[in-house]
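Enquirer: Structure provided below as structure tokens; questions to follow.
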Amino acid sequence: MGGCFSVSVSCDQVVNQVSQCLCLKGSYIHNLPQNLATLHKAMRALKAKRDDVQVRVDREEFAGHRRRLDQVQVWLTSILTMENQYDELLRTSDLELQRLCLCRFFSKNVEKSYLYGKRVMVMLREVESLSSQGEFDVVTDAAPIAEGEELPIQPTIGQETMLEMVWSRLMEDEVGMVGLYGMGGVGKTTLLTQINNRFSKRDGGFNVVIWVVVSQNATVHKIQGSIGEKLGVGGKEWDEKSEMKRAQDIHNVLRKKKFVLFLDDIWEKVNLSKIGVPYPSRETRSKVVFTTRSRDVCGRMGVDDPIEVHCLDTDKAWDLFKRKVGEHTLGRHPDIPELARKVAGKCRGLPLALNVIGETMASKRSVQEGRRAVDVLTSSATEFSGVEDEILPILKYSYDNLDGEMTKSCFLYCSLFPEDGYIDKERLIEYWIGEGFIDEKEGRERAMSQGYEILGTLVRACLLLVEEIRYAAEEYVKLHDVVREMAMWIASDLGKNKERCIVQARAGIREIPKVKNWKDISDVFFQSMPKLLVLDLSDCILSGFRMDMCNLVSLRYLNLLGTKISELPFGLEQLKMLIHLNLESTKCLESLDGISGLSSLRTLKLLYSKVRLDMSLMEALKLLEHIEYISVNISTSTLVGEKLFDDPRIGRSIQQVRIGEEESVQVMVLPALDGLHDIFIHSCRMLEEIKIEKTPWNKSLTSPCFSILTRVIIAFCDGLKDLTWLLFASNLTQLYVHTSGRLEEIISKEKAESVLENNIIPFKKLQELALADLPELKSIYWNALPFQRLRHIQISGSCLKLRKLPLNSKSVLNVEKLVIECPDKEWLERVEWEDEATRLRFLPLCTTHMIF
């Protein structure tokens with residue numbers, strides 16, 4: 001028959017190939033179902049043995065003055081770790097079994113099945129080994145009575161790992177003081193209570209265990225009273241002594257004892273010497289453990305590596321919430337568990353919210369009540385039972401403890417951003433400046449620095465969370481959802497005037513919200529807002545309506561980023577109070593006619609707009625006598641043809657530059673702009689060389705002239721062969737280069753010789769280096785470099801000729817924080833390391849993008 005053919009393979013050949021495959025992978029792949037079943041059985045037996053031992057330990061510890069043996073505790077802790085690893089392994093078991101085919105002799109992905117099967121067998125051997133170690137004739141021994149008292153505590157979920165970590169840290173000989181910090185309601189006191197209760201059962205040789213609730217507005221006298229009562233030195237006569245005399249009495253008792261002091265909920269530094277407590281040290285072997293909401297307090301207490309107590313992850317949060325709601329309520333209707341999960345999700349893992357809202361949900365027995373709970377928590381959480389009475393007041397203590405009304409105002413402002421929304425740090429500070437919280441009269445740079453200081457204060461107070469996004473130029477923070485509710489509650493006078501603060505973020509508003517007492521608005525939208533200070537219309541579709549801004553006489557901040565405006569808003573030149581104007585990414589805007597009338601303008605952002613810097617725009621900018629910050633697009637042809645930078649004031653104000661989309665220019669003459677922070681060179685296809693040109697105010701090129709340039713991005717510049725000009729950027733922190741087909745060297749040794757006479761070492765402050773799709777790249781630098789701050793290297797795409805990284809065994813100060821991403825295993829295997837010490841130092845840090 002046409003088109004048919006046959007292939008003949010001997011039976012022996014097939015059998016041999018199959019046998020070889022089975023010998024290599026078979027025990028891990030073919031036997032995977034049986035191995036998983038065996039592991040499950042072994043793990044169940046280990047847990048049963050663990051439970052039996054735990055019962056013995058608890059019974060003996062409870063019955064008399066006995067403490068568990070260290071080897072028993074190590075065994076129990078090992079099982080907890082093994083249990084977590086086992087649960088993680090089981091999460092993907094169904095997927096791994098589905099990979100198997102042909103009677104389980106083969107896999108759709110042999111590599112992954114082999115690795116998974118091997119993990120199963122390794123874990124099985126470890127479980128069997130642990131089980132064999134669990135034969136204890138004796139589990140406790142006699143112990144002296146610890147002078148500590150067990151404190152009442154509700155059953156907890158999700159803190160097991162954290163408890164073991166804190167306990168291990170505390171038991172280290174060189175550790176005398178441990179600080180636990182985190183946002184209000186996250187479980188710090190609960191964790192501390194669990195640690196205290198461990199001491200009440202087994203003291204480890206400690207003579208006395210003292211618990212003091214400090215809280216806000218604590219005094220030395222109050223703390224001394226709590227300690228004195230525990231030590232038996234209290235009484236009316238002692239209470240009337242001076243603080244100094246009481247401190248002497250406490251010190252005389254504690255200096256002879258090995259003690260543990262728990263200080264719960266401190267808001268400022270507790271001066272131990274003033275109280276009379278000997279400072280814990282390796283010699284005294286005493287311990288002090290405290291909780292606080294502020295990382296600043298940890299530092300002032302002398303703890304530079306405190307332990308942050310985080311919110312629970314999704315699974316642990318659901319376990320806690322489920323316990324509070326109760327199985328009976330959850331089982332009343334098939335839809336209730338899913339609704340309960342949504343309610344639990346609104347708590348974002350905060351134990352305080354999970355407990356309070358879970359207890360409230362326990363009484364909601366119908367689907368309709370469950371749906372109502374979700375709606376209320378989404379639209380107005382303060383109306384949910386328990387939120388306003390039990391949750392928000394506790395969180396408010398952190399707000400009350402902020403220093404100064406300016407910091408408090410800046411925090412409340414953050415509630416205007418959406419739930420789970422990332423907040424750009426720089427934009428947020430610019431809002432604060434626009435609102436007048438931060439004074440910009442002494443200059444933008446100083447005002448921005450003050451803003452970053454406030455951000456740091458809010459982060460360390462656990463009111464803002466830091467969000468790190470790799471490769472993002474911007475830095476972000478966010479609010480926990482429950483903290484955001486607290487901020488809006490405060491802004492509305494603790495819920496008394498809920499219409500005072502209207503926040504409808506991401507609500508898709510298409511008309512003015514219908515709110516009681518909202519005054520009539522005229523047809524021209526902005527005419528009714530003469531006192532408006534900040535207006536952000538970024539990425540809004542503004543077609544079909546005329547922006548008449550004549551009446552916005554108080555406006556200080558205007559953001560039109562990403563809008564499709566073709567001309568500046570009508571009346572813009574009359575905004576004499578405007579200090580910030582963002583016109584970035586306005587692709588249709590070609591003219592800035594009238595901009596010179598903005599007499600107070602300090603910040604002008606034009607990056608990625610259609611506007612290009614030329615002599616006409618430069619003349620207009622010279623009329624802005626307060627201008628300090630400019631981001632702008634420049635054509636390479638303009639740089640060649642005209643002298644734009646004769647005015648040092650404007651030249652130094654240009655801090656972000658985008659140069660690109662030029663096909664004809666071969667040599668770019670880059671002026672030595674010593675105010676430049678960021679430069680983006682993009683799509684200059686014919687560009688072969690970048691030269692540095694002196695400016696009237698910066699005539700020396702013998703030393704780095706881009707002294708504050710921190711970020712450089714170069715892409716789609718196919719003619720460039722090197723980037724030796726980067727030697728002039730001594731403080732560069734981020735360098736991204738991609739899709740430049742002829743680039744051979746980052747720094748050319750030949751071109752750098754004249755510069756290197758001045759002992760310039762490049763990239764000393766570089767933090768991130770990303771290179772992609774550079775097929776001709778052979779060298780970053782010809783020698784190893786110190787890289788004092790490097791934390792991330794990414795090599796991706798076609799960089800096949802790059803064989804050596806500029807590293808030696810002494811490169812990179814904090815090597816444990818470094819990540820090196822490579823395109824694949826083959827590339828990594830071809831890397832030529834400086835020596836064996838260098839390979840051993842950096843190879844473990846390398847990861848690949850290879851997909852098996």
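We name chains A, B, ... following the order of the structure tokens; residues begin at 1 in each chain, and ligands are numbered from 1 as shown.
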Determine, counting only C-alpha atoms, which protein, DNA and RNA residues have an atom within 10 Å of an atom of Glu135 (chain A); residues of the same chain fewer than 3 positions away are not included. Present the result as a PyMOL selection string.
Expert: chain A and resi 49+53+72+130-132+138-139
Enquirer: Okay, now the selection with C-alpha atoms, as a JSON list (two decimals), in the first residue's frame?
Expert:
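Contents of the output file out.json:
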[["chain", "number", "residue", "atom", "x", "y", "z"],
["A", 49, "LYS", "CA", 5.15, 6.70, 68.01],
["A", 53, "VAL", "CA", 6.27, 9.61, 73.45],
["A", 72, "VAL", "CA", 13.84, 13.45, 73.31],
["A", 130, "LEU", "CA", 13.79, 8.49, 62.93],
["A", 131, "SER", "CA", 11.39, 5.73, 63.89],
["A", 132, "SER", "CA", 14.26, 3.47, 64.96],
["A", 138, "VAL", "CA", 13.44, 7.14, 79.90],
["A", 139, "VAL", "CA", 12.01, 10.40, 78.52]]
Enquirer: Please report, as a list in words, each residue of region 157-251 of chain A to which DSSP assigns strand (DSSP E or B) when run on this structure's backbone.
Expert: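 After running DSSP on the backbone, region 157-251 of chain A has strand (DSSP E or B) at Met177, Val178, Gly179, Leu180, Tyr181, Val208, Val209, Ile210, Trp211, Val212 and Val213 of chain A.
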Enquirer: Which polymer residues have any atom within 7 Å of an atom of region 40-47 of chain A, counting only C-alpha atoms, with same-chain residues fewer than 2 positions away left out, as a list in words?
Expert: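 Residues near the query, excluding close chain neighbours: Leu36, Ala37, Thr38, Lys49, Arg50, Asp51, Val127, Glu128 and Ser131 of chain A.
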Enquirer: Given only C-alpha atoms, how would the per-residue table for region 427-478 of chain A near region 168-184 of chain A read, listing every residue at most 8 Å away with its closest atom pair and distance in Å to one decimal, sorted by chain and number, as JSON lines?
Expert:
{"residue": "A:Ala461", "atom": "CA", "partner": "A:Met183", "partner_atom": "CA", "distance": 7.4}
{"residue": "A:Cys462", "atom": "CA", "partner": "A:Met183", "partner_atom": "CA", "distance": 4.9}
{"residue": "A:Leu463", "atom": "CA", "partner": "A:Met183", "partner_atom": "CA", "distance": 6.8}
Enquirer: Would you export the selected residues with C-alpha atoms as a PDB file, in the first residue's frame, please?
Expert:
ATOM      1  CA  ALA A 461       6.488  50.724  63.201  1.00  0.00           C
ATOM      2  CA  CYS A 462       4.958  47.843  61.174  1.00  0.00           C
ATOM      3  CA  LEU A 463       2.288  50.152  59.743  1.00  0.00           C
TER       4      LEU A 463
END
Enquirer: Show me, as a list in words, the residues that have an atom within 8 Å of Ile157 (chain A) when counting only C-alpha atoms, minus same-chain residues fewer than 6 positions from it.
Expert: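 Counting only C-alpha atoms, the residues come to Lys316, Asp319 and Leu320 of chain A.
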Enquirer: As a PDB file with N, CA and C atoms, in the first residue's frame, please: every residue in region 361-440 of chain A that a backbone DSSP assignment puts in helix (DSSP H, G or I).
Expert:
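Printed below is part27.pdb as written:
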ATOM      1  N   MET A 361     -18.424  34.851  62.931  1.00  0.00           N
ATOM      2  CA  MET A 361     -18.953  33.975  61.885  1.00  0.00           C
ATOM      3  C   MET A 361     -19.558  32.695  62.451  1.00  0.00           C
ATOM      4  N   VAL A 367     -26.462  30.556  54.406  1.00  0.00           N
ATOM      5  CA  VAL A 367     -25.684  31.023  53.275  1.00  0.00           C
ATOM      6  C   VAL A 367     -25.851  32.526  53.103  1.00  0.00           C
ATOM      7  N   GLN A 368     -27.066  33.013  53.300  1.00  0.00           N
ATOM      8  CA  GLN A 368     -27.345  34.443  53.129  1.00  0.00           C
ATOM      9  C   GLN A 368     -26.519  35.278  54.106  1.00  0.00           C
ATOM     10  N   GLU A 369     -26.393  34.811  55.348  1.00  0.00           N
ATOM     11  CA  GLU A 369     -25.581  35.533  56.328  1.00  0.00           C
ATOM     12  C   GLU A 369     -24.105  35.511  55.934  1.00  0.00           C
ATOM     13  N   GLY A 370     -23.659  34.383  55.367  1.00  0.00           N
ATOM     14  CA  GLY A 370     -22.276  34.298  54.913  1.00  0.00           C
ATOM     15  C   GLY A 370     -21.984  35.274  53.792  1.00  0.00           C
ATOM     16  N   ARG A 371     -22.918  35.367  52.820  1.00  0.00           N
ATOM     17  CA  ARG A 371     -22.726  36.311  51.711  1.00  0.00           C
ATOM     18  C   ARG A 371     -22.731  37.749  52.215  1.00  0.00           C
ATOM     19  N   ARG A 372     -23.603  38.012  53.175  1.00  0.00           N
ATOM     20  CA  ARG A 372     -23.665  39.355  53.748  1.00  0.00           C
ATOM     21  C   ARG A 372     -22.346  39.704  54.440  1.00  0.00           C
ATOM     22  N   ALA A 373     -21.743  38.732  55.121  1.00  0.00           N
ATOM     23  CA  ALA A 373     -20.473  38.964  55.801  1.00  0.00           C
ATOM     24  C   ALA A 373     -19.387  39.351  54.803  1.00  0.00           C
ATOM     25  N   VAL A 374     -19.344  38.654  53.656  1.00  0.00           N
ATOM     26  CA  VAL A 374     -18.357  38.976  52.623  1.00  0.00           C
ATOM     27  C   VAL A 374     -18.584  40.383  52.100  1.00  0.00           C
ATOM     28  N   ASP A 375     -19.844  40.746  51.846  1.00  0.00           N
ATOM     29  CA  ASP A 375     -20.166  42.072  51.313  1.00  0.00           C
ATOM     30  C   ASP A 375     -19.760  43.175  52.284  1.00  0.00           C
ATOM     31  N   VAL A 376     -20.056  42.971  53.558  1.00  0.00           N
ATOM     32  CA  VAL A 376     -19.763  44.004  54.558  1.00  0.00           C
ATOM     33  C   VAL A 376     -18.255  44.189  54.708  1.00  0.00           C
ATOM     34  N   LEU A 377     -17.523  43.079  54.772  1.00  0.00           N
ATOM     35  CA  LEU A 377     -16.073  43.188  54.921  1.00  0.00           C
ATOM     36  C   LEU A 377     -15.431  43.820  53.700  1.00  0.00           C
ATOM     37  N   THR A 378     -16.049  43.660  52.535  1.00  0.00           N
ATOM     38  CA  THR A 378     -15.493  44.233  51.316  1.00  0.00           C
ATOM     39  C   THR A 378     -15.796  45.719  51.209  1.00  0.00           C
ATOM     40  N   SER A 379     -17.022  46.113  51.567  1.00  0.00           N
ATOM     41  CA  SER A 379     -17.446  47.501  51.359  1.00  0.00           C
ATOM     42  C   SER A 379     -17.207  48.392  52.569  1.00  0.00           C
ATOM     43  N   ALA A 381     -15.829  47.426  56.326  1.00  0.00           N
ATOM     44  CA  ALA A 381     -15.471  46.421  57.320  1.00  0.00           C
ATOM     45  C   ALA A 381     -15.807  46.855  58.744  1.00  0.00           C
ATOM     46  N   THR A 382     -15.827  48.157  59.005  1.00  0.00           N
ATOM     47  CA  THR A 382     -16.079  48.619  60.371  1.00  0.00           C
ATOM     48  C   THR A 382     -17.486  48.274  60.844  1.00  0.00           C
ATOM     49  N   GLU A 383     -18.387  47.987  59.914  1.00  0.00           N
ATOM     50  CA  GLU A 383     -19.747  47.618  60.288  1.00  0.00           C
ATOM     51  C   GLU A 383     -19.861  46.149  60.686  1.00  0.00           C
ATOM     52  N   VAL A 387     -15.174  44.272  64.663  1.00  0.00           N
ATOM     53  CA  VAL A 387     -14.069  44.972  64.005  1.00  0.00           C
ATOM     54  C   VAL A 387     -13.792  46.305  64.686  1.00  0.00           C
ATOM     55  N   GLU A 388     -14.836  47.107  64.851  1.00  0.00           N
ATOM     56  CA  GLU A 388     -14.664  48.451  65.413  1.00  0.00           C
ATOM     57  C   GLU A 388     -14.392  48.426  66.906  1.00  0.00           C
ATOM     58  N   ASP A 389     -14.866  47.390  67.601  1.00  0.00           N
ATOM     59  CA  ASP A 389     -14.726  47.350  69.056  1.00  0.00           C
ATOM     60  C   ASP A 389     -13.468  46.624  69.514  1.00  0.00           C
ATOM     61  N   GLU A 390     -13.072  45.561  68.802  1.00  0.00           N
ATOM     62  CA  GLU A 390     -12.016  44.689  69.306  1.00  0.00           C
ATOM     63  C   GLU A 390     -10.736  44.695  68.474  1.00  0.00           C
ATOM     64  N   ILE A 391     -10.838  45.025  67.185  1.00  0.00           N
ATOM     65  CA  ILE A 391      -9.650  44.948  66.317  1.00  0.00           C
ATOM     66  C   ILE A 391      -9.002  46.313  66.124  1.00  0.00           C
ATOM     67  N   LEU A 392      -9.772  47.266  65.625  1.00  0.00           N
ATOM     68  CA  LEU A 392      -9.202  48.560  65.254  1.00  0.00           C
ATOM     69  C   LEU A 392      -8.596  49.320  66.436  1.00  0.00           C
ATOM     70  N   PRO A 393      -9.222  49.320  67.628  1.00  0.00           N
ATOM     71  CA  PRO A 393      -8.589  50.042  68.745  1.00  0.00           C
ATOM     72  C   PRO A 393      -7.202  49.495  69.104  1.00  0.00           C
ATOM     73  N   ILE A 394      -7.021  48.177  68.975  1.00  0.00           N
ATOM     74  CA  ILE A 394      -5.715  47.589  69.288  1.00  0.00           C
ATOM     75  C   ILE A 394      -4.675  48.061  68.285  1.00  0.00           C
ATOM     76  N   LEU A 395      -5.038  48.058  67.003  1.00  0.00           N
ATOM     77  CA  LEU A 395      -4.114  48.516  65.974  1.00  0.00           C
ATOM     78  C   LEU A 395      -3.815  50.004  66.107  1.00  0.00           C
ATOM     79  N   LYS A 396      -4.798  50.756  66.598  1.00  0.00           N
ATOM     80  CA  LYS A 396      -4.651  52.211  66.693  1.00  0.00           C
ATOM     81  C   LYS A 396      -3.527  52.624  67.644  1.00  0.00           C
ATOM     82  N   TYR A 397      -3.164  51.767  68.574  1.00  0.00           N
ATOM     83  CA  TYR A 397      -2.066  52.109  69.475  1.00  0.00           C
ATOM     84  C   TYR A 397      -0.789  52.415  68.693  1.00  0.00           C
ATOM     85  N   SER A 398      -0.558  51.674  67.598  1.00  0.00           N
ATOM     86  CA  SER A 398       0.641  51.922  66.787  1.00  0.00           C
ATOM     87  C   SER A 398       0.584  53.309  66.162  1.00  0.00           C
ATOM     88  N   TYR A 399      -0.603  53.712  65.711  1.00  0.00           N
ATOM     89  CA  TYR A 399      -0.779  55.058  65.145  1.00  0.00           C
ATOM     90  C   TYR A 399      -0.572  56.112  66.221  1.00  0.00           C
ATOM     91  N   ASP A 400      -1.153  55.903  67.391  1.00  0.00           N
ATOM     92  CA  ASP A 400      -1.032  56.877  68.472  1.00  0.00           C
ATOM     93  C   ASP A 400       0.427  57.091  68.890  1.00  0.00           C
ATOM     94  N   GLU A 405       2.381  65.057  64.193  1.00  0.00           N
ATOM     95  CA  GLU A 405       1.185  65.051  63.359  1.00  0.00           C
ATOM     96  C   GLU A 405       1.529  64.865  61.885  1.00  0.00           C
ATOM     97  N   MET A 406       2.722  65.313  61.461  1.00  0.00           N
ATOM     98  CA  MET A 406       3.103  65.160  60.062  1.00  0.00           C
ATOM     99  C   MET A 406       3.204  63.678  59.702  1.00  0.00           C
ATOM    100  N   THR A 407       3.853  62.895  60.537  1.00  0.00           N
ATOM    101  CA  THR A 407       3.996  61.463  60.276  1.00  0.00           C
ATOM    102  C   THR A 407       2.638  60.781  60.292  1.00  0.00           C
ATOM    103  N   LYS A 408       1.773  61.196  61.208  1.00  0.00           N
ATOM    104  CA  LYS A 408       0.431  60.603  61.277  1.00  0.00           C
ATOM    105  C   LYS A 408      -0.371  60.936  60.019  1.00  0.00           C
ATOM    106  N   SER A 409      -0.277  62.164  59.555  1.00  0.00           N
ATOM    107  CA  SER A 409      -0.993  62.554  58.339  1.00  0.00           C
ATOM    108  C   SER A 409      -0.490  61.765  57.132  1.00  0.00           C
ATOM    109  N   CYS A 410       0.824  61.594  57.065  1.00  0.00           N
ATOM    110  CA  CYS A 410       1.402  60.833  55.957  1.00  0.00           C
ATOM    111  C   CYS A 410       0.908  59.388  55.973  1.00  0.00           C
ATOM    112  N   PHE A 411       0.780  58.815  57.158  1.00  0.00           N
ATOM    113  CA  PHE A 411       0.275  57.437  57.246  1.00  0.00           C
ATOM    114  C   PHE A 411      -1.179  57.347  56.799  1.00  0.00           C
ATOM    115  N   LEU A 412      -2.023  58.231  57.317  1.00  0.00           N
ATOM    116  CA  LEU A 412      -3.443  58.185  56.960  1.00  0.00           C
ATOM    117  C   LEU A 412      -3.638  58.351  55.452  1.00  0.00           C
ATOM    118  N   TYR A 413      -2.760  59.105  54.824  1.00  0.00           N
ATOM    119  CA  TYR A 413      -2.860  59.337  53.384  1.00  0.00           C
ATOM    120  C   TYR A 413      -2.738  58.034  52.599  1.00  0.00           C
ATOM    121  N   CYS A 414      -2.004  57.075  53.151  1.00  0.00           N
ATOM    122  CA  CYS A 414      -1.789  55.796  52.461  1.00  0.00           C
ATOM    123  C   CYS A 414      -3.080  55.006  52.291  1.00  0.00           C
ATOM    124  N   SER A 415      -4.098  55.300  53.095  1.00  0.00           N
ATOM    125  CA  SER A 415      -5.363  54.573  52.984  1.00  0.00           C
ATOM    126  C   SER A 415      -6.099  54.896  51.692  1.00  0.00           C
ATOM    127  N   LEU A 416      -5.676  55.935  50.972  1.00  0.00           N
ATOM    128  CA  LEU A 416      -6.315  56.276  49.705  1.00  0.00           C
ATOM    129  C   LEU A 416      -5.969  55.267  48.602  1.00  0.00           C
ATOM    130  N   LYS A 425       7.099  54.368  46.227  1.00  0.00           N
ATOM    131  CA  LYS A 425       7.617  55.234  47.295  1.00  0.00           C
ATOM    132  C   LYS A 425       7.799  56.670  46.838  1.00  0.00           C
ATOM    133  N   GLU A 426       8.425  56.853  45.672  1.00  0.00           N
ATOM    134  CA  GLU A 426       8.704  58.209  45.204  1.00  0.00           C
ATOM    135  C   GLU A 426       7.421  58.973  44.933  1.00  0.00           C
ATOM    136  N   ARG A 427       6.448  58.313  44.289  1.00  0.00           N
ATOM    137  CA  ARG A 427       5.189  59.000  44.002  1.00  0.00           C
ATOM    138  C   ARG A 427       4.464  59.346  45.295  1.00  0.00           C
ATOM    139  N   LEU A 428       4.489  58.442  46.262  1.00  0.00           N
ATOM    140  CA  LEU A 428       3.833  58.708  47.535  1.00  0.00           C
ATOM    141  C   LEU A 428       4.426  59.940  48.210  1.00  0.00           C
ATOM    142  N   ILE A 429       5.748  60.029  48.220  1.00  0.00           N
ATOM    143  CA  ILE A 429       6.392  61.200  48.840  1.00  0.00           C
ATOM    144  C   ILE A 429       6.037  62.467  48.077  1.00  0.00           C
ATOM    145  N   GLU A 430       5.957  62.381  46.760  1.00  0.00           N
ATOM    146  CA  GLU A 430       5.554  63.544  45.965  1.00  0.00           C
ATOM    147  C   GLU A 430       4.130  63.970  46.292  1.00  0.00           C
ATOM    148  N   TYR A 431       3.248  63.020  46.564  1.00  0.00           N
ATOM    149  CA  TYR A 431       1.897  63.368  47.035  1.00  0.00           C
ATOM    150  C   TYR A 431       1.977  64.126  48.356  1.00  0.00           C
ATOM    151  N   TRP A 432       2.771  63.589  49.284  1.00  0.00           N
ATOM    152  CA  TRP A 432       2.899  64.226  50.595  1.00  0.00           C
ATOM    153  C   TRP A 432       3.387  65.664  50.461  1.00  0.00           C
ATOM    154  N   ILE A 433       4.347  65.867  49.557  1.00  0.00           N
ATOM    155  CA  ILE A 433       4.856  67.221  49.331  1.00  0.00           C
ATOM    156  C   ILE A 433       3.754  68.093  48.735  1.00  0.00           C
ATOM    157  N   GLY A 434       3.015  67.542  47.775  1.00  0.00           N
ATOM    158  CA  GLY A 434       1.923  68.290  47.151  1.00  0.00           C
ATOM    159  C   GLY A 434       0.855  68.682  48.154  1.00  0.00           C
ATOM    160  N   GLU A 435       0.554  67.805  49.078  1.00  0.00           N
ATOM    161  CA  GLU A 435      -0.469  68.092  50.092  1.00  0.00           C
ATOM    162  C   GLU A 435       0.025  69.083  51.140  1.00  0.00           C
TER     163      GLU A 435
END
Enquirer: Can you pull out every residue within 8 Å of region 799-803 of chain A, counting only C-alpha atoms, but drop anything in the same chain fewer than 5 positions away, and send it as a ChimeraX atom specification?
Expert: /A:771-779,827,830-832
Enquirer: CA of Ile29 (chain A) and CA of Arg91 (chain A), how far apart in Å?
Expert: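 For CA of Arg91 (chain A) relative to CA of Ile29 (chain A), the distance reads 17.7 Å.
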Enquirer: Could you check which of A:Gln154, A:Gln527, A:Asn783, A:Asn759 is closest to Asn551 (chain A), using only C-alpha atoms?
Expert: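 Under the stated criterion, the closest residue is A:Gln527.
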Enquirer: Name the residues in contact with region 299-311 of chain A at a cut-off of 10 Å, using only C-alpha atoms, excluding same-chain residues fewer than 5 positions from it; report them as JSON, numbers by chain.
Expert: {"A": [158, 159, 162, 165, 166, 169, 176, 177, 178, 179, 180, 181, 182, 183, 185, 186, 187, 188, 191, 268, 269, 270, 271, 272, 290, 291, 292, 293, 294, 316, 317, 347, 348, 349, 350, 351, 352, 462, 480]}
Enquirer: Output the selection as a tab-separated table (two decimals), in the first residue's frame - C-alpha atoms for each residue.
Expert:
chain	number	residue	atom	x	y	z
A	158	GLY	CA	0.51	28.30	62.77
A	159	GLN	CA	3.24	29.39	65.21
A	162	MET	CA	8.32	30.31	64.75
A	165	MET	CA	13.10	29.18	65.94
A	166	VAL	CA	12.75	31.64	68.83
A	169	ARG	CA	17.82	31.39	69.34
A	176	GLY	CA	21.39	37.18	76.06
A	177	MET	CA	18.56	39.28	74.62
A	178	VAL	CA	15.93	38.45	72.00
A	179	GLY	CA	13.50	40.94	70.49
A	180	LEU	CA	10.25	39.98	68.76
A	181	TYR	CA	8.58	42.66	66.65
A	182	GLY	CA	5.57	42.84	64.36
A	183	MET	CA	2.30	44.62	63.73
A	185	GLY	CA	-2.48	41.55	66.63
A	186	VAL	CA	0.07	39.37	64.82
A	187	GLY	CA	0.61	37.05	67.79
A	188	LYS	CA	3.71	38.36	69.56
A	191	LEU	CA	4.37	33.49	71.15
A	268	GLU	CA	10.21	52.55	74.00
A	269	LYS	CA	13.59	51.52	75.32
A	270	VAL	CA	13.48	49.91	78.76
A	271	ASN	CA	16.61	50.93	80.64
A	272	LEU	CA	17.56	47.69	82.40
A	290	PHE	CA	10.70	41.35	74.78
A	291	THR	CA	7.95	42.10	72.28
A	292	THR	CA	7.33	45.37	70.50
A	293	ARG	CA	5.59	46.79	67.45
A	294	SER	CA	8.61	48.84	66.48
A	316	LYS	CA	-2.50	28.29	58.53
A	317	ALA	CA	-4.89	31.26	58.54
A	347	CYS	CA	-8.15	39.05	57.37
A	348	ARG	CA	-4.90	38.61	55.39
A	349	GLY	CA	-3.45	36.22	57.93
A	350	LEU	CA	-3.70	38.57	60.94
A	351	PRO	CA	-4.46	36.32	63.95
A	352	LEU	CA	-6.32	39.06	65.84
A	462	CYS	CA	4.96	47.84	61.17
A	480	HIS	CA	-2.08	45.37	55.30
Enquirer: Would you kindly return, as a ChimeraX atom specification, each protein, DNA or RNA residue with an atom no farther than 7 Å from any atom of region 804-818 of chain A, considering only C-alpha atoms and excluding same-chain residues fewer than 4 positions away?
Expert: /A:780-792,831-834,837-838,841,845
Enquirer: Next, dump the selected residues to file, keeping only C-alpha atoms, as a short mmCIF file (atom, residue, chain, number, x, y, z; two decimals), in the first residue's frame.
Expert:
data_model
loop_
_atom_site.label_atom_id
_atom_site.label_comp_id
_atom_site.auth_asym_id
_atom_site.auth_seq_id
_atom_site.Cartn_x
_atom_site.Cartn_y
_atom_site.Cartn_z
CA ILE A 780 32.52 42.39 31.24
CA TYR A 781 35.94 43.44 32.56
CA TRP A 782 39.35 41.85 32.03
CA ASN A 783 40.17 41.44 35.72
CA ALA A 784 38.24 40.43 38.81
CA LEU A 785 36.45 43.32 40.53
CA PRO A 786 35.66 43.87 44.24
CA PHE A 787 31.86 44.38 43.80
CA GLN A 788 31.23 45.65 47.32
CA ARG A 789 27.42 45.66 47.07
CA LEU A 790 26.53 43.20 44.29
CA ARG A 791 23.43 41.12 45.02
CA HIS A 792 22.17 39.95 41.64
CA VAL A 831 32.13 29.12 32.78
CA GLU A 832 35.85 29.61 33.37
CA TRP A 833 36.37 30.40 37.04
CA GLU A 834 39.39 32.34 38.26
CA ALA A 837 38.33 28.86 45.47
CA THR A 838 36.29 31.18 43.24
CA ARG A 841 32.48 30.41 46.48
CA LEU A 845 24.82 30.67 44.17
#
Enquirer: Of the candidates A:Gly436, A:Pro155, A:Gly117, A:Pro823, which one gets nearest to Asn35 (chain A) if we count only C-alpha atoms?
Expert: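 Answer, going by the shortest atom-to-atom distance: A:Gly117.
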Enquirer: Which residue gives the smallest distance to Leu581 (chain A) among A:Arg649, A:Arg556, A:Lys564, A:Lys118, with only C-alpha atoms counted?
Expert: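 Residue with the minimum atom-to-atom distance to Leu581 (chain A): A:Arg556.
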